[in-house]
file run_11.txt (compact mmCIF, C-alpha atoms)
# COMPACT_ATOMS: atom_id res chain seq x y z
CA MET A 1019 18.52 -7.99 0.15
CA GLU A 1020 15.60 -8.00 2.57
CA VAL A 1021 14.53 -6.44 5.84
CA VAL A 1022 12.41 -8.13 8.49
CA LEU A 1023 9.42 -5.97 9.44
CA SER A 1024 8.08 -5.78 13.00
CA SER A 1025 5.24 -8.05 11.81
CA GLY A 1026 7.84 -10.78 11.24
CA HIS A 1027 7.42 -10.73 7.45
CA ARG A 1028 10.34 -10.13 5.11
CA MET A 1029 10.32 -7.23 2.62
CA PRO A 1030 12.78 -6.80 -0.28
CA LEU A 1031 14.73 -3.54 0.10
CA ILE A 1032 14.44 -2.55 -3.56
CA GLY A 1033 11.04 -2.16 -5.18
CA PHE A 1034 9.32 -1.09 -8.38
CA GLY A 1035 6.94 1.87 -8.08
CA THR A 1036 3.72 1.98 -10.10
CA ALA A 1037 2.74 5.67 -9.78
CA SER A 1038 2.70 7.50 -13.10
CA MET A 1039 1.01 10.70 -14.28
CA PRO A 1040 -0.54 10.25 -16.73
CA LEU A 1041 -0.94 6.48 -16.58
CA PRO A 1042 0.62 4.82 -19.66
CA PRO A 1043 -1.52 2.64 -21.97
CA ASP A 1044 -2.35 -0.82 -20.58
CA ASP A 1045 0.05 -2.68 -22.90
CA VAL A 1046 2.95 -0.37 -22.00
CA LEU A 1047 2.31 -0.74 -18.26
CA THR A 1048 1.91 -4.51 -18.46
CA SER A 1049 5.13 -4.75 -20.45
CA ALA A 1050 6.92 -2.63 -17.81
CA PHE A 1051 5.68 -4.85 -14.97
CA LEU A 1052 6.62 -8.07 -16.76
CA GLY A 1053 10.00 -6.61 -17.69
CA ALA A 1054 10.60 -5.65 -14.07
CA ILE A 1055 9.75 -9.16 -12.87
CA GLU A 1056 12.02 -10.65 -15.53
CA ALA A 1057 14.81 -8.27 -14.43
CA GLY A 1058 14.49 -9.56 -10.85
CA TYR A 1059 12.11 -7.17 -9.09
CA HIS A 1060 10.15 -8.98 -6.39
CA ARG A 1061 8.59 -5.99 -4.68
CA PHE A 1062 5.93 -3.73 -6.19
CA ASP A 1063 4.48 -0.58 -4.67
CA THR A 1064 0.99 0.43 -5.78
CA ALA A 1065 -2.07 2.23 -4.42
CA ALA A 1066 -5.76 2.68 -5.14
CA GLN A 1067 -4.97 6.28 -6.16
CA TYR A 1068 -2.44 5.22 -8.81
CA GLY A 1069 -4.97 3.33 -10.95
CA ALA A 1070 -2.44 0.59 -11.73
CA GLU A 1071 -3.61 -2.12 -9.32
CA LYS A 1072 -5.64 -4.17 -11.81
CA LEU A 1073 -2.87 -4.27 -14.42
CA LEU A 1074 -0.30 -5.17 -11.78
CA GLY A 1075 -2.50 -8.08 -10.73
CA ARG A 1076 -2.88 -9.25 -14.32
CA SER A 1077 0.87 -8.93 -14.87
CA ILE A 1078 1.61 -11.06 -11.81
CA ALA A 1079 -0.84 -13.70 -13.05
CA GLU A 1080 0.85 -13.62 -16.48
CA ALA A 1081 4.31 -13.84 -14.93
CA MET A 1082 3.25 -16.94 -13.00
CA LYS A 1083 1.76 -18.44 -16.14
CA ARG A 1084 5.07 -17.86 -17.97
CA GLY A 1085 7.07 -19.33 -15.10
CA LEU A 1086 8.80 -16.04 -14.24
CA ILE A 1087 7.45 -16.40 -10.68
CA LYS A 1088 7.17 -19.79 -9.02
CA SER A 1089 4.58 -18.85 -6.40
CA ARG A 1090 2.66 -15.91 -4.91
CA ASP A 1091 4.98 -15.68 -1.91
CA LYS A 1092 7.87 -14.77 -4.25
CA ILE A 1093 6.32 -11.32 -4.86
CA PHE A 1094 5.87 -8.62 -2.20
CA ILE A 1095 3.02 -6.20 -2.93
CA THR A 1096 2.34 -2.95 -1.10
CA SER A 1097 -0.91 -1.07 -1.65
CA LYS A 1098 -2.45 1.94 0.07
CA LEU A 1099 -5.80 3.08 1.42
CA TRP A 1100 -6.78 6.38 -0.23
CA CYS A 1101 -8.01 9.41 1.74
CA THR A 1102 -11.64 9.12 0.59
CA ASP A 1103 -11.76 5.72 2.32
CA THR A 1104 -10.14 6.58 5.66
CA HIS A 1105 -13.24 5.95 7.70
CA PHE A 1106 -13.91 2.83 9.73
CA ASN A 1107 -17.15 1.98 7.89
CA LEU A 1108 -15.49 2.32 4.49
CA ASP A 1109 -12.10 0.72 5.04
CA VAL A 1110 -12.80 -2.98 4.64
CA PRO A 1111 -14.66 -2.47 1.32
CA ALA A 1112 -11.76 -0.27 0.16
CA LEU A 1113 -9.21 -3.00 0.82
CA LYS A 1114 -11.42 -5.67 -0.71
CA ASN A 1115 -11.74 -3.48 -3.82
CA SER A 1116 -7.93 -3.21 -3.97
CA LEU A 1117 -7.66 -6.96 -3.55
CA LYS A 1118 -10.14 -7.45 -6.38
CA ASN A 1119 -8.10 -5.12 -8.59
CA VAL A 1120 -4.69 -6.48 -7.72
CA LEU A 1121 -4.79 -9.88 -6.23
CA VAL A 1122 -7.97 -11.89 -6.24
CA PHE A 1123 -7.07 -14.55 -8.75
CA THR A 1124 -8.30 -17.24 -6.35
CA TRP A 1125 -7.00 -20.03 -8.54
CA LEU A 1126 -3.52 -18.57 -8.01
CA GLY A 1127 -3.96 -17.98 -4.28
CA LEU A 1128 -3.45 -14.20 -4.64
CA GLU A 1129 -5.79 -13.22 -1.84
CA TYR A 1130 -3.77 -10.79 0.30
CA VAL A 1131 -1.42 -7.83 0.13
CA ASP A 1132 1.94 -8.10 1.84
CA LEU A 1133 1.84 -4.54 3.17
CA TYR A 1134 -1.19 -2.23 3.34
CA LEU A 1135 -0.64 1.42 4.22
CA ILE A 1136 -2.78 4.43 5.10
CA HIS A 1137 -1.73 6.65 2.17
CA PHE A 1138 -1.95 9.98 4.07
CA PRO A 1139 -3.11 10.92 7.58
CA ALA A 1140 -6.14 12.70 6.13
CA ARG A 1141 -9.74 12.17 5.04
CA LEU A 1142 -11.35 13.59 1.90
CA LYS A 1143 -14.98 13.78 0.83
CA GLU A 1144 -16.11 10.80 -1.23
CA GLY A 1145 -15.61 11.32 -4.95
CA THR A 1146 -12.74 13.80 -4.53
CA GLU A 1147 -10.37 13.63 -7.48
CA GLY A 1148 -7.31 15.55 -8.58
CA SER A 1149 -5.04 17.50 -6.24
CA ASP A 1150 -7.28 20.43 -5.28
CA PHE A 1151 -8.52 19.48 -1.81
CA LYS A 1152 -9.76 22.93 -0.77
CA GLY A 1153 -13.11 22.55 0.99
CA LYS A 1154 -12.98 18.75 0.60
CA MET A 1155 -11.24 17.81 3.84
CA LEU A 1156 -13.11 15.95 6.59
CA PRO A 1157 -12.03 15.07 10.16
CA PHE A 1158 -9.64 12.13 10.08
CA ASP A 1159 -10.65 9.30 12.42
CA MET A 1160 -7.17 7.92 13.08
CA LYS A 1161 -8.29 5.53 15.82
CA GLY A 1162 -11.15 4.06 13.80
CA THR A 1163 -9.11 3.81 10.63
CA TRP A 1164 -6.25 2.04 12.41
CA GLU A 1165 -8.72 -0.36 14.06
CA ALA A 1166 -9.87 -1.26 10.54
CA MET A 1167 -6.25 -1.73 9.45
CA GLU A 1168 -5.70 -4.06 12.41
CA GLU A 1169 -8.82 -5.97 11.36
CA TYR A 1170 -7.27 -6.52 7.89
CA SER A 1171 -4.25 -8.01 9.60
CA LYS A 1172 -6.35 -10.31 11.77
CA LEU A 1173 -8.40 -11.44 8.75
CA GLY A 1174 -5.22 -12.23 6.80
CA LEU A 1175 -6.07 -9.70 4.07
CA ALA A 1176 -2.85 -7.80 4.81
CA ARG A 1177 0.20 -9.60 6.16
CA SER A 1178 1.65 -6.34 7.46
CA ILE A 1179 0.05 -2.95 8.02
CA GLY A 1180 1.57 0.49 8.17
CA VAL A 1181 1.35 4.13 7.21
CA SER A 1182 2.64 6.53 4.59
CA ASN A 1183 3.50 10.22 4.84
CA PHE A 1184 3.13 10.27 8.65
CA GLY A 1185 5.33 12.64 10.65
CA THR A 1186 6.45 12.10 14.25
CA LYS A 1187 3.37 13.83 15.71
CA LYS A 1188 0.90 11.67 13.77
CA LEU A 1189 2.89 8.53 14.55
CA SER A 1190 2.90 9.26 18.27
CA GLN A 1191 -0.89 9.85 18.18
CA LEU A 1192 -1.38 6.55 16.37
CA LEU A 1193 0.81 4.61 18.80
CA MET A 1194 -1.31 5.79 21.74
CA HIS A 1195 -4.13 3.42 20.74
CA ALA A 1196 -2.54 0.92 18.33
CA THR A 1197 -2.50 -2.70 19.48
CA ILE A 1198 -0.49 -3.61 16.36
CA PRO A 1199 2.21 -0.98 15.69
CA PRO A 1200 2.82 0.09 12.07
CA ALA A 1201 5.32 -2.18 10.36
CA ALA A 1202 6.42 0.64 8.04
CA ASN A 1203 6.15 4.37 7.44
CA GLN A 1204 6.69 5.02 3.74
CA VAL A 1205 7.97 8.56 3.18
CA GLU A 1206 10.00 10.45 0.62
CA ILE A 1207 13.71 10.79 1.35
CA ASN A 1208 16.16 12.41 -1.05
CA VAL A 1209 19.50 14.21 -1.01
CA ALA A 1210 17.91 17.54 -0.03
CA TRP A 1211 15.35 16.09 2.38
CA GLN A 1212 16.89 13.53 4.71
CA GLN A 1213 14.04 13.38 7.29
CA GLU A 1214 16.61 12.70 10.03
CA LYS A 1215 14.26 13.43 12.95
CA LEU A 1216 11.57 11.13 11.55
CA ARG A 1217 14.04 8.33 10.79
CA GLU A 1218 15.44 8.54 14.31
CA TYR A 1219 11.91 8.44 15.76
CA CYS A 1220 11.00 5.40 13.69
call {"tool": "encode", "arguments": {"input": "run_11.txt", "output": "structure tokens"}}
result
Amino acid sequence: MEVVLSSGHRMPLIGFGTASMPLPPDDVLTSAFLGAIEAGYHRFDTAAQYGAEKLLGRSIAEAMKRGLIKSRDKIFITSKLWCTDTHFNLDVPALKNSLKNVLVFTWLGLEYVDLYLIHFPARLKEGTEGSDFKGKMLPFDMKGTWEAMEEYSKLGLARSIGVSNFGTKKLSQLLMHATIPPAANQVEINVAWQQEKLREYC
């Protein structure tokens, strides 16, 4: 089953997440990715912050080598721009670094992400690690960051662009100056937290 995004690209509804704390050993993670592909997963969700991009890229290359995937366009990959890189001057290098980690096997044609998201509507000081952000927050340049995201789209580095963890207020601010609207807003939804207002807004 798939959904057609506002960008016109199709996204499988069910995906395989790559976030794990702590990150498993390389061989375990690679085995999990290859097993997921073999089981029929065609959508993978990763992020610079997860530390799994490089191994996901290698696993995709291996899956193609083994014939588990016929071509690059059979896999849908989402990655995310981390909060230390949400600044217009930093964004393009951040995406190119993700592409290097995940997708730049030029001989395979893996030169783009299917969906690239702003991980959080926030900016952190460069080098910030862990989850203690006290005193490490900087002003978030939403307009400049989204302009960079739109540039990725125009350059063909990201087929679709979007956001993650944005509420209705942040989305409405973004839409005031976006020329390409977000194709997705990835948020947590569970039995206890339905996010009805946000879903209705989207």
call {"tool": "closest_residue", "arguments": {"input": "run_11.txt", "among": "A:Ala1201, A:Ala1065, A:Met1019, A:Cys1101", "to": "Pro1157 of chain A", "atoms": "only C-alpha atoms"}}
result
A:Cys1101
call {"tool": "closest_residue", "arguments": {"input": "run_11.txt", "among": "A:Gln1067, A:Gln1212, A:Ser1077, A:Ser1178", "to": "Ala1054 of chain A", "atoms": "only C-alpha atoms"}}
result
A:Ser1077
call {"tool": "closest_residue", "arguments": {"input": "run_11.txt", "among": "A:Thr1048, A:Ser1097, A:Thr1036, A:Thr1064", "to": "Arg1177 of chain A", "atoms": "all atoms listed in the file"}}
result
A:Ser1097
call {"tool": "residues_around", "arguments": {"input": "run_11.txt", "residues": "Ala1176 of chain A", "least_positions_apart": "3", "cutoff": "7 Å", "atoms": "all atoms listed in the file", "output": "count of residues only"}}
result
8
call {"tool": "residues_around", "arguments": {"input": "run_11.txt", "residues": "Thr1102 of chain A", "least_positions_apart": "6", "cutoff": "6 Å", "atoms": "all atoms listed in the file", "output": "CSV table (one decimal) with C-alpha atoms, in the frame of the given file"}}
result
chain,number,residue,atom,x,y,z
A,1141,ARG,CA,-9.7,12.2,5.0
A,1142,LEU,CA,-11.4,13.6,1.9
A,1143,LYS,CA,-15.0,13.8,0.8
A,1144,GLU,CA,-16.1,10.8,-1.2
call {"tool": "closest_residue", "arguments": {"input": "run_11.txt", "among": "A:Val1046, A:Ala1037, A:Ala1081, A:Leu1031", "to": "Phe1094 of chain A", "atoms": "only C-alpha atoms"}}
result
A:Leu1031
call {"tool": "atom_distance", "arguments": {"input": "run_11.txt", "atom1": "atom CA of Met1155 of chain A", "atom2": "atom CA of Asn1203 of chain A"}}
result
22.3 Å
call {"tool": "residues_around", "arguments": {"input": "run_11.txt", "residues": "Ile1055 of chain A", "least_positions_apart": "2", "cutoff": "12 Å", "atoms": "all atoms listed in the file", "output": "PyMOL selection string"}}
result
chain A and resi 1033-1034+1048-1053+1057-1062+1074+1077-1082+1084-1088+1092-1094
call {"tool": "residues_around", "arguments": {"input": "run_11.txt", "residues": "Glu1169 of chain A", "least_positions_apart": "3", "cutoff": "12 Å", "atoms": "all atoms listed in the file", "output": "ChimeraX atom specification"}}
result
/A:1106,1109-1110,1113,1134,1162-1166,1172-1179,1196-1198
call {"tool": "atom_distance", "arguments": {"input": "run_11.txt", "atom1": "atom CA of Lys1154 of chain A", "atom2": "atom CA of Ser1182 of chain A"}}
result
20.2 Å
call {"tool": "atom_distance", "arguments": {"input": "run_11.txt", "atom1": "atom CA of Val1181 of chain A", "atom2": "atom CA of Met1167 of chain A"}}
result
9.9 Å
call {"tool": "residues_around", "arguments": {"input": "run_11.txt", "residues": "His1195 of chain A", "least_positions_apart": "3", "cutoff": "8 Å", "atoms": "only C-alpha atoms", "output": "list in words"}}
result
Lys1161, Gln1191 and Leu1192 of chain A
call {"tool": "write_last_selection", "arguments": {"input": "run_11.txt", "atoms": "C-alpha atoms", "output": "PDB file, keeping the file's coordinate frame"}}
result
ATOM      1  CA  LYS A1161      -8.290   5.530  15.820  1.00  0.00           C
ATOM      2  CA  GLN A1191      -0.890   9.850  18.180  1.00  0.00           C
ATOM      3  CA  LEU A1192      -1.380   6.550  16.370  1.00  0.00           C
TER       4      LEU A1192
END
